[in-house]
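Peer 1: So here's upload.cif (mmCIF, C-alpha atoms and all ligand atoms).
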```cif
data_model
loop_
_atom_site.group_PDB
_atom_site.id
_atom_site.type_symbol
_atom_site.label_atom_id
_atom_site.label_comp_id
_atom_site.auth_asym_id
_atom_site.auth_seq_id
_atom_site.Cartn_x
_atom_site.Cartn_y
_atom_site.Cartn_z
ATOM 1 C CA MET H 1 6.331 -8.849 20.648
ATOM 2 C CA SER H 2 3.345 -10.755 22.010
ATOM 3 C CA PHE H 3 0.597 -10.241 24.547
ATOM 4 C CA LYS H 4 1.030 -13.604 26.240
ATOM 5 C CA LEU H 5 1.759 -12.152 29.681
ATOM 6 C CA PHE H 6 -0.983 -10.398 31.612
ATOM 7 C CA GLU H 7 1.340 -7.458 32.321
ATOM 8 C CA GLU H 8 1.487 -6.744 28.618
ATOM 9 C CA TYR H 9 -2.249 -6.159 28.233
ATOM 10 C CA ASN H 10 -3.280 -2.542 27.879
ATOM 11 C CA GLN H 11 -5.517 -2.005 30.908
ATOM 12 C CA GLU H 12 -7.339 0.941 29.374
ATOM 13 C CA PHE H 13 -8.256 -1.194 26.354
ATOM 14 C CA ILE H 14 -9.342 -4.112 28.574
ATOM 15 C CA THR H 15 -11.515 -1.882 30.778
ATOM 16 C CA ASP H 16 -13.345 -0.287 27.830
ATOM 17 C CA VAL H 17 -13.795 -3.438 25.768
ATOM 18 C CA LYS H 18 -14.810 -5.471 28.827
ATOM 19 C CA GLU H 19 -17.718 -3.105 29.356
ATOM 20 C CA SER H 20 -18.842 -3.608 25.750
ATOM 21 C CA TYR H 21 -18.743 -7.408 26.091
ATOM 22 C CA HIS H 22 -20.700 -7.121 29.339
ATOM 23 C CA THR H 23 -23.422 -5.283 27.394
ATOM 24 C CA ILE H 24 -23.380 -7.973 24.675
ATOM 25 C CA LEU H 25 -23.813 -10.774 27.241
ATOM 26 C CA ASP H 26 -26.699 -8.906 28.784
ATOM 27 C CA ARG H 27 -28.333 -8.196 25.399
ATOM 28 C CA VAL H 28 -28.177 -11.833 24.191
ATOM 29 C CA GLY H 29 -30.169 -12.819 27.274
ATOM 30 C CA GLU H 30 -27.353 -14.109 29.472
ATOM 31 C CA ASP H 31 -26.837 -13.329 33.134
ATOM 32 C CA PRO H 32 -23.402 -11.639 33.244
ATOM 33 C CA LYS H 33 -23.169 -12.587 36.945
ATOM 34 C CA ARG H 34 -23.523 -16.324 36.244
ATOM 35 C CA GLU H 35 -20.464 -18.180 37.553
ATOM 36 C CA GLY H 36 -19.331 -19.594 34.208
ATOM 37 C CA ILE H 37 -19.327 -16.264 32.424
ATOM 38 C CA VAL H 38 -18.613 -13.741 35.131
ATOM 39 C CA LYS H 39 -15.060 -13.384 33.821
ATOM 40 C CA THR H 40 -16.033 -13.704 30.155
ATOM 41 C CA PRO H 41 -16.056 -9.955 29.358
ATOM 42 C CA GLU H 42 -12.470 -9.716 30.573
ATOM 43 C CA ARG H 43 -11.396 -12.896 28.764
ATOM 44 C CA ALA H 44 -13.056 -11.740 25.554
ATOM 45 C CA ALA H 45 -11.442 -8.300 25.833
ATOM 46 C CA LYS H 46 -8.021 -9.919 26.236
ATOM 47 C CA ALA H 47 -8.711 -12.205 23.289
ATOM 48 C CA MET H 48 -9.704 -9.192 21.185
ATOM 49 C CA GLN H 49 -6.547 -7.350 22.147
ATOM 50 C CA PHE H 50 -4.478 -10.394 21.222
ATOM 51 C CA LEU H 51 -6.244 -10.770 17.870
ATOM 52 C CA THR H 52 -5.698 -7.105 16.978
ATOM 53 C CA GLN H 53 -2.155 -6.670 18.325
ATOM 54 C CA GLY H 54 -0.882 -6.267 14.747
ATOM 55 C CA TYR H 55 -1.762 -2.547 14.846
ATOM 56 C CA GLU H 56 0.990 -2.084 17.439
ATOM 57 C CA MET H 57 3.674 -3.826 15.417
ATOM 58 C CA ASP H 58 6.025 -2.750 12.669
ATOM 59 C CA PRO H 59 6.434 -5.570 10.140
ATOM 60 C CA LYS H 60 9.265 -3.803 8.293
ATOM 61 C CA GLN H 61 11.285 -3.750 11.486
ATOM 62 C CA ILE H 62 10.749 -7.495 11.855
ATOM 63 C CA LEU H 63 12.255 -8.138 8.409
ATOM 64 C CA GLU H 64 15.040 -5.578 8.767
ATOM 65 C CA GLY H 65 16.128 -7.233 12.022
ATOM 66 C CA ALA H 66 17.127 -10.441 10.218
ATOM 67 C CA MET H 67 18.358 -9.574 6.733
ATOM 68 C CA PHE H 68 21.608 -11.233 5.767
ATOM 69 C CA LYS H 69 23.921 -10.608 2.823
ATOM 70 C CA GLU H 70 23.934 -13.712 0.642
ATOM 71 C CA ASP H 71 24.285 -14.252 -3.077
ATOM 72 C CA TYR H 72 21.720 -17.070 -3.311
ATOM 73 C CA SER H 73 19.474 -16.013 -6.128
ATOM 74 C CA ASP H 74 16.989 -18.847 -6.642
ATOM 75 C CA MET H 75 13.473 -19.012 -5.317
ATOM 76 C CA VAL H 76 12.886 -19.249 -1.562
ATOM 77 C CA LEU H 77 9.437 -20.649 -0.816
ATOM 78 C CA ILE H 78 7.663 -20.903 2.526
ATOM 79 C CA LYS H 79 4.400 -22.684 2.044
ATOM 80 C CA ASP H 80 1.427 -23.634 4.204
ATOM 81 C CA ILE H 81 1.852 -20.767 6.677
ATOM 82 C CA GLU H 82 -1.299 -20.947 8.773
ATOM 83 C CA LEU H 83 -3.110 -17.689 9.296
ATOM 84 C CA TYR H 84 -6.016 -16.499 11.401
ATOM 85 C CA SER H 85 -7.558 -13.079 10.878
ATOM 86 C CA LEU H 86 -10.800 -11.192 11.485
ATOM 87 C CA CYS H 87 -12.869 -9.825 8.631
ATOM 88 C CA GLU H 88 -13.454 -6.120 8.905
ATOM 89 C CA HIS H 89 -17.113 -6.437 7.910
ATOM 90 C CA HIS H 90 -18.352 -8.769 10.623
ATOM 91 C CA MET H 91 -15.327 -9.151 12.922
ATOM 92 C CA LEU H 92 -15.654 -12.910 12.434
ATOM 93 C CA PRO H 93 -12.617 -15.096 11.773
ATOM 94 C CA PHE H 94 -11.254 -16.042 8.419
ATOM 95 C CA PHE H 95 -8.466 -18.584 8.375
ATOM 96 C CA GLY H 96 -6.349 -20.598 6.027
ATOM 97 C CA LYS H 97 -2.875 -20.746 4.587
ATOM 98 C CA ALA H 98 -0.402 -18.389 2.966
ATOM 99 C CA HIS H 99 2.257 -19.456 0.491
ATOM 100 C CA ILE H 100 5.053 -16.933 0.045
ATOM 101 C CA ALA H 101 8.080 -16.973 -2.240
ATOM 102 C CA TYR H 102 10.787 -14.481 -3.032
ATOM 103 C CA ILE H 103 13.899 -14.355 -5.163
ATOM 104 C CA PRO H 104 16.755 -12.716 -3.223
ATOM 105 C CA ASN H 105 18.595 -9.745 -4.593
ATOM 106 C CA GLY H 106 21.737 -9.744 -2.453
ATOM 107 C CA HIS H 107 19.913 -10.353 0.844
ATOM 108 C CA ILE H 108 18.033 -13.250 2.339
ATOM 109 C CA VAL H 109 15.791 -12.917 5.393
ATOM 110 C CA GLY H 110 15.472 -15.134 8.480
ATOM 111 C CA LEU H 111 12.854 -17.723 7.539
ATOM 112 C CA SER H 112 10.682 -17.258 10.634
ATOM 113 C CA LYS H 113 10.296 -13.567 9.845
ATOM 114 C CA ILE H 114 8.003 -14.262 6.896
ATOM 115 C CA PRO H 115 5.328 -16.007 9.031
ATOM 116 C CA ARG H 116 5.795 -13.232 11.600
ATOM 117 C CA VAL H 117 4.906 -10.659 8.955
ATOM 118 C CA VAL H 118 1.836 -12.748 8.067
ATOM 119 C CA ASP H 119 0.823 -12.659 11.753
ATOM 120 C CA VAL H 120 1.279 -8.884 12.061
ATOM 121 C CA PHE H 121 -1.037 -8.139 9.147
ATOM 122 C CA SER H 122 -3.472 -10.939 10.069
ATOM 123 C CA ARG H 123 -3.882 -9.560 13.569
ATOM 124 C CA ARG H 124 -5.705 -6.511 12.296
ATOM 125 C CA LEU H 125 -9.223 -6.205 10.881
ATOM 126 C CA GLN H 126 -8.793 -7.237 7.277
ATOM 127 C CA VAL H 127 -10.205 -8.250 3.946
ATOM 128 C CA GLN H 128 -8.326 -11.097 2.312
ATOM 129 C CA GLU H 129 -7.332 -8.988 -0.699
ATOM 130 C CA ARG H 130 -5.727 -6.269 1.429
ATOM 131 C CA LEU H 131 -4.014 -8.837 3.649
ATOM 132 C CA THR H 132 -2.453 -10.344 0.510
ATOM 133 C CA HIS H 133 -1.219 -6.968 -0.721
ATOM 134 C CA ASP H 134 -0.023 -5.787 2.698
ATOM 135 C CA ILE H 135 2.250 -8.841 2.960
ATOM 136 C CA LEU H 136 3.391 -8.553 -0.660
ATOM 137 C CA GLU H 137 4.246 -4.850 -0.462
ATOM 138 C CA CYS H 138 5.967 -5.157 2.887
ATOM 139 C CA ILE H 139 8.334 -7.870 1.640
ATOM 140 C CA ASN H 140 8.839 -6.107 -1.681
ATOM 141 C CA SER H 141 9.692 -2.708 -0.242
ATOM 142 C CA THR H 142 11.821 -3.961 2.669
ATOM 143 C CA LEU H 143 13.780 -6.820 1.153
ATOM 144 C CA GLN H 144 13.739 -5.399 -2.381
ATOM 145 C CA PRO H 145 13.975 -8.873 -3.878
ATOM 146 C CA LYS H 146 14.063 -9.721 -7.588
ATOM 147 C CA GLY H 147 10.522 -10.971 -7.169
ATOM 148 C CA VAL H 148 7.902 -11.851 -4.576
ATOM 149 C CA ALA H 149 4.735 -13.938 -4.723
ATOM 150 C CA VAL H 150 1.938 -14.337 -2.189
ATOM 151 C CA VAL H 151 -1.029 -16.717 -2.415
ATOM 152 C CA ILE H 152 -3.629 -16.928 0.349
ATOM 153 C CA GLU H 153 -6.314 -19.588 0.566
ATOM 154 C CA ALA H 154 -8.896 -18.923 3.265
ATOM 155 C CA ARG H 155 -12.354 -19.755 4.536
ATOM 156 C CA HIS H 156 -14.537 -17.043 6.004
ATOM 157 C CA MET H 157 -16.726 -17.763 9.012
ATOM 158 C CA CYS H 158 -19.022 -14.900 7.990
ATOM 159 C CA MET H 159 -19.874 -16.957 4.900
ATOM 160 C CA MET H 160 -20.057 -20.265 6.774
ATOM 161 C CA MET H 161 -21.873 -19.620 10.061
ATOM 162 C CA ARG H 162 -24.200 -16.870 8.880
ATOM 163 C CA GLY H 163 -25.161 -14.944 5.733
ATOM 164 C CA VAL H 164 -24.924 -17.128 2.668
ATOM 165 C CA GLN H 165 -23.941 -20.183 4.820
ATOM 166 C CA LYS H 166 -21.601 -21.897 2.394
ATOM 167 C CA GLN H 167 -19.453 -24.305 4.404
ATOM 168 C CA ASN H 168 -17.247 -25.561 1.609
ATOM 169 C CA SER H 169 -16.268 -22.500 -0.330
ATOM 170 C CA ALA H 170 -12.728 -21.200 -0.104
ATOM 171 C CA THR H 171 -11.296 -17.958 -1.453
ATOM 172 C CA THR H 172 -7.908 -17.692 -3.128
ATOM 173 C CA THR H 173 -6.113 -14.365 -3.565
ATOM 174 C CA SER H 174 -2.700 -13.763 -5.059
ATOM 175 C CA GLY H 175 -0.172 -11.070 -5.805
ATOM 176 C CA PHE H 176 3.030 -11.133 -7.827
ATOM 177 C CA ARG H 177 5.891 -8.664 -8.177
ATOM 178 C CA GLY H 178 9.093 -8.594 -10.233
ATOM 179 C CA GLU H 179 10.183 -11.906 -11.757
ATOM 180 C CA PHE H 180 6.933 -13.595 -10.721
ATOM 181 C CA LYS H 181 5.211 -11.482 -13.365
ATOM 182 C CA HIS H 182 6.874 -13.831 -15.893
ATOM 183 C CA SER H 183 4.804 -16.919 -16.492
ATOM 184 C CA GLU H 184 7.729 -19.354 -16.231
ATOM 185 C CA THR H 185 8.712 -18.247 -12.698
ATOM 186 C CA ARG H 186 5.097 -17.865 -11.601
ATOM 187 C CA ASN H 187 4.242 -21.343 -12.918
ATOM 188 C CA GLU H 188 7.171 -22.882 -11.062
ATOM 189 C CA PHE H 189 5.883 -21.266 -7.859
ATOM 190 C CA LEU H 190 2.325 -22.441 -8.522
ATOM 191 C CA ARG H 191 3.572 -25.961 -9.261
ATOM 192 C CA LEU H 192 5.551 -26.027 -5.999
ATOM 193 C CA ILE H 193 2.468 -25.065 -3.974
ATOM 194 C CA GLY H 194 0.331 -27.557 -5.894
ATOM 195 C CA LYS H 195 -1.742 -24.897 -7.652
ATOM 196 C CA ASP H 196 -0.641 -25.295 -11.258
ATOM 197 C CA LEU H 197 -3.451 -25.670 -13.744
ATOM 198 C CA ALA H 198 -1.756 -28.433 -15.763
HETATM 199 N N1 LIG K 201 -13.946 -9.052 -0.876
HETATM 200 C C1 LIG K 201 -14.071 -9.497 0.382
HETATM 201 N N2 LIG K 201 -15.280 -9.573 0.927
HETATM 202 C C2 LIG K 201 -15.373 -10.051 2.182
HETATM 203 C C3 LIG K 201 -14.291 -10.474 2.926
HETATM 204 N N3 LIG K 201 -14.743 -10.911 4.141
HETATM 205 C C4 LIG K 201 -16.076 -10.745 4.115
HETATM 206 N N4 LIG K 201 -16.480 -10.224 2.926
HETATM 207 C C5 LIG K 201 -17.787 -9.864 2.383
HETATM 208 O O1 LIG K 201 -18.161 -8.572 2.769
HETATM 209 C C6 LIG K 201 -19.490 -8.376 2.281
HETATM 210 C C7 LIG K 201 -20.247 -7.381 3.118
HETATM 211 O O2 LIG K 201 -21.454 -7.218 2.450
HETATM 212 P P1 LIG K 201 -22.756 -6.522 3.047
HETATM 213 O O3 LIG K 201 -23.886 -6.737 2.099
HETATM 214 O O4 LIG K 201 -22.407 -5.127 3.445
HETATM 215 O O5 LIG K 201 -22.951 -7.327 4.398
HETATM 216 P P2 LIG K 201 -23.983 -8.476 4.744
HETATM 217 O O6 LIG K 201 -25.391 -7.998 4.583
HETATM 218 O O7 LIG K 201 -23.630 -8.996 6.099
HETATM 219 O O8 LIG K 201 -23.672 -9.549 3.596
HETATM 220 P P3 LIG K 201 -23.878 -11.139 3.581
HETATM 221 O O9 LIG K 201 -22.630 -11.754 4.152
HETATM 222 O O10 LIG K 201 -24.058 -11.484 2.128
HETATM 223 O O11 LIG K 201 -25.087 -11.465 4.419
HETATM 224 C C8 LIG K 201 -20.073 -9.774 2.223
HETATM 225 O O12 LIG K 201 -20.290 -10.070 0.862
HETATM 226 C C9 LIG K 201 -18.959 -10.696 2.771
HETATM 227 O O13 LIG K 201 -18.937 -11.973 2.170
HETATM 228 C C10 LIG K 201 -13.004 -10.393 2.312
HETATM 229 O O14 LIG K 201 -11.977 -10.730 2.891
HETATM 230 N N5 LIG K 201 -12.948 -9.902 1.048
HETATM 231 ZN ZN ZN K 202 -17.203 -11.021 7.206
#
```
Translate the structure described by the file into structure tokens.

Peer 2:
Amino acid sequence: MSFKLFEEYNQEFITDVKESYHTILDRVGEDPKREGIVKTPERAAKAMQFLTQGYEMDPKQILEGAMFKEDYSDMVLIKDIELYSLCEHHMLPFFGKAHIAYIPNGHIVGLSKIPRVVDVFSRRLQVQERLTHDILECINSTLQPKGVAVVIEARHMCMMMRGVQKQNSATTTSGFRGEFKHSETRNEFLRLIGKDLA
């Protein structure tokens, strides 16, 4: 499920994207034959394939592969899941943390599968709002829990390195389904992730 090994790279993708990065190096005034960067188009193409591998993956399958019958019916919270994505507007990174909770409805899911779902949707071109909803809907429709909550806090390089150049602003997005629509459950979740307003 990863592109860590060279054999797993898609050569057609690497060949095409390599050529584009070669053009970029040339256009920014670099010498693409210079020793230090002669392999950069290929490295960058591999990095781009790694960062967009989420298109090739089925997040529902990931969850379905580790669902276990269990009658635990209190909140399960996984907080501070680090995430790295690329914004679809500038293809620059945005990064931060996701906090995800669900209330089981007969099934629990292997804990590691939740961060894996975050990775699948993060490794596509995204906006933070859609990333939040993609994760929320995937867990909701696959696990069919009594409730699910997703909060993402992220910083966008397109706002930090360029454009409006605000280094300290962070964006928070959230989505709630089922029992998290009730303020008591939602507030407990927000308190547990340190986001309650009290
Ligand atoms: N809502 C949302 N906007 C995003 C996200 N990532 C980047 N953007 C914004 O996408 C917008 C694109 O606006 P445009 O005016 O088309 O692009 P631009 O001229 O590069 O805009 P500036 O960044 O303001 O210079 C910008 O306001 C970005 O801040 C995201 O995840 N969610
Ligand atoms: Zn952007």

Peer 1: Using all atoms listed in the file, which of H:Ser20, H:Thr132, H:Thr185, H:Asn140 sits nearest ligand LIG 201 (chain K)?

Peer 2: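 Closest to ligand LIG 201 (chain K), using all atoms listed in the file: H:Thr132.
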
Peer 1: What is the distance, in Å and to one decimal place, between CA of Ile103 (chain H) and CA of Glu184 (chain H)?

Peer 2: 13.6 Å

Peer 1: Using the chain letters and numbers from this file, what does the PyMOL selection byres (((not hetatm)) within 6 of (chain K and resi 201)) select? Give the answer as a PyMOL selection string.

Peer 2: chain H and resi 87+89+127-129+159+163-164

Peer 1: In Å, with one decimal, what is the gap from CA of Ile37 (chain H) to CA of Tyr21 (chain H)?

Peer 2: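 Distance reported for this atom pair: 10.9 Å.
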
Peer 1: Counting all atoms listed in the file, which of H:Gly178, H:Gln61, H:Ile193, H:Phe94 gets nearest to Cys138 (chain H)?

Peer 2: H:Gln61

Peer 1: Run the PyMOL selection byres (((chain H and resi 68-71) around 9) and not hetatm) against the file shown and list the residues it catches, as a PyMOL selection string.

Peer 2: chain H and resi 66-67+72-73+104-110

Peer 1: For region 115-129 of chain H, what centre and edge lengths in Å (one decimal) does the axis-aligned box get once 5 Å is added on each side of all its listed atoms, as AutoDock Vina command-line options?

Peer 2:
```
--center_x -2.2 --center_y -11.1 --center_z 6.4 --size_x 26.0 --size_y 19.8 --size_z 24.3
```

Peer 1: Kindly give the distance, in Å, that separates atom ZN of ligand ZN 202 (chain K) and CA of Arg124 (chain H), rounded to a single decimal.

Peer 2: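 For atom ZN of ligand ZN 202 (chain K) relative to CA of Arg124 (chain H), the distance reads 13.4 Å.
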
Peer 1: Could you list as a ChimeraX atom specification every residue that has an atom within 12 Å of (1.9, -9.0, -7.6), using the file's coordinates and counting only C-alpha atoms?

Peer 2: /H:100-102,129,132-140,147-151,173-182,186

Peer 1: Suppose we keep C-alpha atoms; can you now write the selection as a PDB file, keeping the file's coordinate frame?

Peer 2:
```
ATOM      1  CA  ILE H 100       5.053 -16.933   0.045  1.00  0.00           C
ATOM      2  CA  ALA H 101       8.080 -16.973  -2.240  1.00  0.00           C
ATOM      3  CA  TYR H 102      10.787 -14.481  -3.032  1.00  0.00           C
ATOM      4  CA  GLU H 129      -7.332  -8.988  -0.699  1.00  0.00           C
ATOM      5  CA  THR H 132      -2.453 -10.344   0.510  1.00  0.00           C
ATOM      6  CA  HIS H 133      -1.219  -6.968  -0.721  1.00  0.00           C
ATOM      7  CA  ASP H 134      -0.023  -5.787   2.698  1.00  0.00           C
ATOM      8  CA  ILE H 135       2.250  -8.841   2.960  1.00  0.00           C
ATOM      9  CA  LEU H 136       3.391  -8.553  -0.660  1.00  0.00           C
ATOM     10  CA  GLU H 137       4.246  -4.850  -0.462  1.00  0.00           C
ATOM     11  CA  CYS H 138       5.967  -5.157   2.887  1.00  0.00           C
ATOM     12  CA  ILE H 139       8.334  -7.870   1.640  1.00  0.00           C
ATOM     13  CA  ASN H 140       8.839  -6.107  -1.681  1.00  0.00           C
ATOM     14  CA  GLY H 147      10.522 -10.971  -7.169  1.00  0.00           C
ATOM     15  CA  VAL H 148       7.902 -11.851  -4.576  1.00  0.00           C
ATOM     16  CA  ALA H 149       4.735 -13.938  -4.723  1.00  0.00           C
ATOM     17  CA  VAL H 150       1.938 -14.337  -2.189  1.00  0.00           C
ATOM     18  CA  VAL H 151      -1.029 -16.717  -2.415  1.00  0.00           C
ATOM     19  CA  THR H 173      -6.113 -14.365  -3.565  1.00  0.00           C
ATOM     20  CA  SER H 174      -2.700 -13.763  -5.059  1.00  0.00           C
ATOM     21  CA  GLY H 175      -0.172 -11.070  -5.805  1.00  0.00           C
ATOM     22  CA  PHE H 176       3.030 -11.133  -7.827  1.00  0.00           C
ATOM     23  CA  ARG H 177       5.891  -8.664  -8.177  1.00  0.00           C
ATOM     24  CA  GLY H 178       9.093  -8.594 -10.233  1.00  0.00           C
ATOM     25  CA  GLU H 179      10.183 -11.906 -11.757  1.00  0.00           C
ATOM     26  CA  PHE H 180       6.933 -13.595 -10.721  1.00  0.00           C
ATOM     27  CA  LYS H 181       5.211 -11.482 -13.365  1.00  0.00           C
ATOM     28  CA  HIS H 182       6.874 -13.831 -15.893  1.00  0.00           C
ATOM     29  CA  ARG H 186       5.097 -17.865 -11.601  1.00  0.00           C
TER      30      ARG H 186
END
```

Peer 1: Compute the distance from (-5.7, -19.2, 1.5) to each atom, counting only C-alpha atoms, keep the residues with any atom at most 9 Å away, and return them as a short mmCIF file (atom, residue, chain, number, x, y, z; two decimals) with C-alpha atoms, in the coordinates of the input; use the coordinates of the file.

Peer 2:
```cif
data_model
loop_
_atom_site.label_atom_id
_atom_site.label_comp_id
_atom_site.auth_asym_id
_atom_site.auth_seq_id
_atom_site.Cartn_x
_atom_site.Cartn_y
_atom_site.Cartn_z
CA ASP H 80 1.43 -23.63 4.20
CA GLU H 82 -1.30 -20.95 8.77
CA LEU H 83 -3.11 -17.69 9.30
CA PHE H 95 -8.47 -18.58 8.38
CA GLY H 96 -6.35 -20.60 6.03
CA LYS H 97 -2.88 -20.75 4.59
CA ALA H 98 -0.40 -18.39 2.97
CA HIS H 99 2.26 -19.46 0.49
CA GLN H 128 -8.33 -11.10 2.31
CA VAL H 151 -1.03 -16.72 -2.42
CA ILE H 152 -3.63 -16.93 0.35
CA GLU H 153 -6.31 -19.59 0.57
CA ALA H 154 -8.90 -18.92 3.26
CA ARG H 155 -12.35 -19.76 4.54
CA ALA H 170 -12.73 -21.20 -0.10
CA THR H 171 -11.30 -17.96 -1.45
CA THR H 172 -7.91 -17.69 -3.13
CA THR H 173 -6.11 -14.36 -3.56
#
```

Peer 1: Taking only C-alpha atoms and all ligand atoms into account, name the residue in H:Val118, H:Leu131, H:Ala47, H:Leu125 that is nearest to ligand ZN 202 (chain K).

Peer 2: H:Leu125

Peer 1: Can you translate the PyMOL selection byres (((chain H and resi 59) around 12) and not hetatm) into the concrete residues it hits in this file, as number ranges by chain?

Peer 2: H: 1, 53-58, 60-66, 113-123, 134-139, 141-143

Peer 1: Taking only C-alpha atoms and all ligand atoms into account, name the residue in H:Ser169, H:Gln126, H:Thr15, H:Thr23 that is nearest to ligand ZN 202 (chain K).

Peer 2: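 Closest residue, counting only C-alpha atoms and all ligand atoms: H:Gln126.
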
Peer 1: Would you mind telling me which residue in H:Ile78, H:Leu25, H:Cys158, H:Val17 lies nearest to ligand ZN 202 (chain K) when using only C-alpha atoms and all ligand atoms?

Peer 2: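 Checking each candidate against ligand ZN 202 (chain K), we get H:Cys158 as the closest.
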
Peer 1: Find, counting all atoms listed in the file, the residue in H:Gln165, H:Gln11, H:Thr40, H:Gln144 that gets nearest to ligand ZN 202 (chain K).

Peer 2: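 So, comparing all the options, the nearest one is H:Gln165.
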